[in-house]
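Undergrad: Here it is, the structure in full.
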Number of protein chains: 2
Amino acid sequence: MALRGGIDLGGTKIESVVVDGDGAVVGQARHPTPHDGGPPAVINALAGGLREAAKAAGVETAELTGVGVGSPGEIDDGTVAHARNLPDWDDTFPLASALSEQVGAPVKVANDVGAAVDAEAKLGAGKDYGSFLGVWWGTGVGGAVVIGGERWLGRGAAGEIGHTVVKIGGATCECGRRGCLEAYAGRGAMERKARKAVAGGTKTDLFDLMEKHGRQRLTSGIWGRALDRNDKLAEKLIHRAVVALGAGIGSVVNLLDVEAVVIGGGLGTRFGQPYVEKIEQQMMKHLFVPERPPAVLPAALGDLGGAIGASLLVG
Amino acid sequence: MALRGGIDLGGTKIESVVVDGDGAVVGQARHPTPHDGGPPAVINALAGGLREAAKAAGVETAELTGVGVGSPGEIDDGTVAHARNLPDWDDTFPLASALSEQVGAPVKVANDVGAAVDAEAKLGAGKDYGSFLGVWWGTGVGGAVVIGGERWLGRGAAGEIGHTVVKIGGATCECGRRGCLEAYAGRGAMERKARKAVAGGTKTDLFDLMEKHGRQRLTSGIWGRALDRNDKLAEKLIHRAVVALGAGIGSVVNLLDVEAVVIGGGLGTRFGQPYVEKIEQQMMKHLFVPERPPAVLPAALGDLGGAIGASLLVG
């Protein structure tokens, strides 16, 4: 039976799956994304994750009919550039050929959020809607607009809701510009803000939890645990993120009047329905036609949605 | 020969045209929009303007094959509600039937900005682009997104770029919400801000110019004259508007990666190319892919674009 590989390459973790012809997951593996070593280290981690998933499925990676990879950054014909949430990955690097060499199967690469939103459109929370906005709340804040059942790509770079401006003259974003949604809601930005607060004397359990759980970053799980403990700084920064997400999403709804909003990504999936509702409440404050809001839903395919979506690239 | 009417009902003025079968303007009239008297006063002004345009074309209004009206507010089957920039027009009012009764010809109503953007898409600055954003900078800030050559309507209310959030917790908008683009860039908001500044002791020629020219509002012409005189308050408020427009437009480009941006409306048309370039400069500060910006262009059909666009409704 023809098996395919799918990998979701995120700023924090790498999810790998092997799926069968019906799209059912028959093997999987999760690993942290390397913090250094540049593209070669990332390629090694991708290959290692895929081997583990293939082993769980009882095959060698070279037996896979193909491997799809959802990646951050700018994708062009199997190469990836400007992947700001990956280690030292600014220049163009040939991800597809480098990974293909290691795993012995053809590799296709697409935008990570795009792959995950495609999966939600075909199999998940978006499947009943002709138009929806996907918001992927994780290390960064990614997005995709589905119109007429298809992702709208523009000239190839559409979807950057994380770099819509929610506050003129506001916080500096990792992208170097000011006031971007991601500068408030991206987990990377939230961690930088938390470190600054601690340096300024604010008390928080965030970094104790991080060390206790053997993490090097404030993962979605760490933020979740801090909220469970009613950590004031975590509550404050997550609220700030939710307010920004509500404004950014409300703006898109006012502009495009989509039928639904689907919220995924590491934080979106971890926090689920209760936080989807908090984001919805903030969005409502900005809707120009509040009597007919869009449906606001969590992504249905969970942590594996990105990897399953990537496997659709070679389906 | 079949003649059609087209009316652009704006917050400041009413432009009426009569066009022939080729879309050439054969009669026109311009009148200020009434400041009070509610929908009946507006209907009288629409009928009066159309009669004048018809007279210039050598016909009676009852001889027109149809009349299209571009209106602000929420349009539904010839009725208009929540037209905030028109006098006392919050409830639903049957514009089409009331005007048809006065002019003796069938009337169709559509969104004012939509009609103007349709005209630019078919005949004007947008005609060479498959996707573009129209930004109508006037009393309010309207918008329309053209995708695949067609205006994207969403569930009927798409296009409200004026109510995208450019500053969380920012200026209060006429719509009652906070931080909307229109709260910074709409001529209505700019006039309120100017009146506050004067009440606070700021010096400006704006209101002297307004009185000298027999206006009751700060029209686009008054703002233009004040800029010609290097009026500091006018310069400051227009710059604030340009910064907000650049941020709002940059956000849409990051989200949708459209090929072009077309800037029209009362202020957009009055200020033309030099201010289109200033807005473009502000937009550039926010582009996530700055090496491939969209074309940024002034609307090509000028002051009559909205009325010509409205005439396409019955074409």
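Convention: chains lettered A, B, ... in structure tokens order; per-chain residue numbering from 1; ligands numbered from 1 as shown.
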I'd like the contact shell of B:Ile75 - 10 Å cut-off, only C-alpha atoms, skipping same-chain residues fewer than 4 positions apart - returned as a list of chain:residue names.
TA: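 So the residues in contact are B:Gly70, B:Ser71, B:Thr79, B:Val80, B:Ala81, B:His82, B:Ala83, B:Thr92, B:Phe93, B:Pro94, B:Leu95, B:Val109, B:Ala110, B:Asn111, B:Asp112, B:Gly156, B:Ala157.
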Undergrad: Could you work out which residues of chain A fall inside 7 Å of chain B? Count only C-alpha atoms, and format the result as number ranges by chain.
TA: A: 154-155, 157-161, 163-168, 177, 247, 251, 254-258, 286, 288
Undergrad: Could you give me, as a PyMOL selection string, the residues within 8 Å of stretch 222-224 of chain B, counting only C-alpha atoms and dropping anything in the same chain fewer than 2 positions from it?
TA: chain B and resi 206+209-210+218-220+226-228+234+270-271
Undergrad: For A:Gly21, work out the shell of residues within 9 Å, counting only C-alpha atoms and skipping chain neighbours fewer than 4 positions away, then give it as a ChimeraX atom specification.
TA: /A:1-4,315
Undergrad: Assign secondary structure with DSSP using the backbone only, and return the residues of stretch 48-105 of chain A in alpha helix (DSSP H) as a ChimeraX atom specification.
TA: /A:48-56,95-103
Undergrad: What's around stretch 272-280 of chain A at 8 Å? Count only C-alpha atoms, leave out sequence neighbours fewer than 6 positions away in its own chain, and write the answer as a list in words.
TA: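 Within the cut-off, the hits are Val242, Val243, Leu245, Gly246, Ile263, Val296, Leu297 and Pro298 of chain A.
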Undergrad: Do you have the atom CA of B:Tyr184-atom CA of B:Lys13 distance handy?
TA: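 Interatomic distance here is 21.2 Å.
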Undergrad: With a distance cut-off of 9 Å and only C-alpha atoms, select the neighbouring residues of B:Val117, excluding the residue or stretch itself and same-chain residues fewer than 5 positions from it, and output the selection as a ChimeraX atom specification.
TA: /B:112,122,124,126,133-136,143-146,151,262,264,299,305-306,309
Undergrad: Interatomic distance between atom CA of B:Gly114 and atom CA of A:Asp128?
TA: 28.0 Å
Undergrad: Taking only C-alpha atoms into account, which of B:Ile308, B:Val26, B:Leu313, B:Met284 comes nearest B:Asp8?
TA: B:Ile308
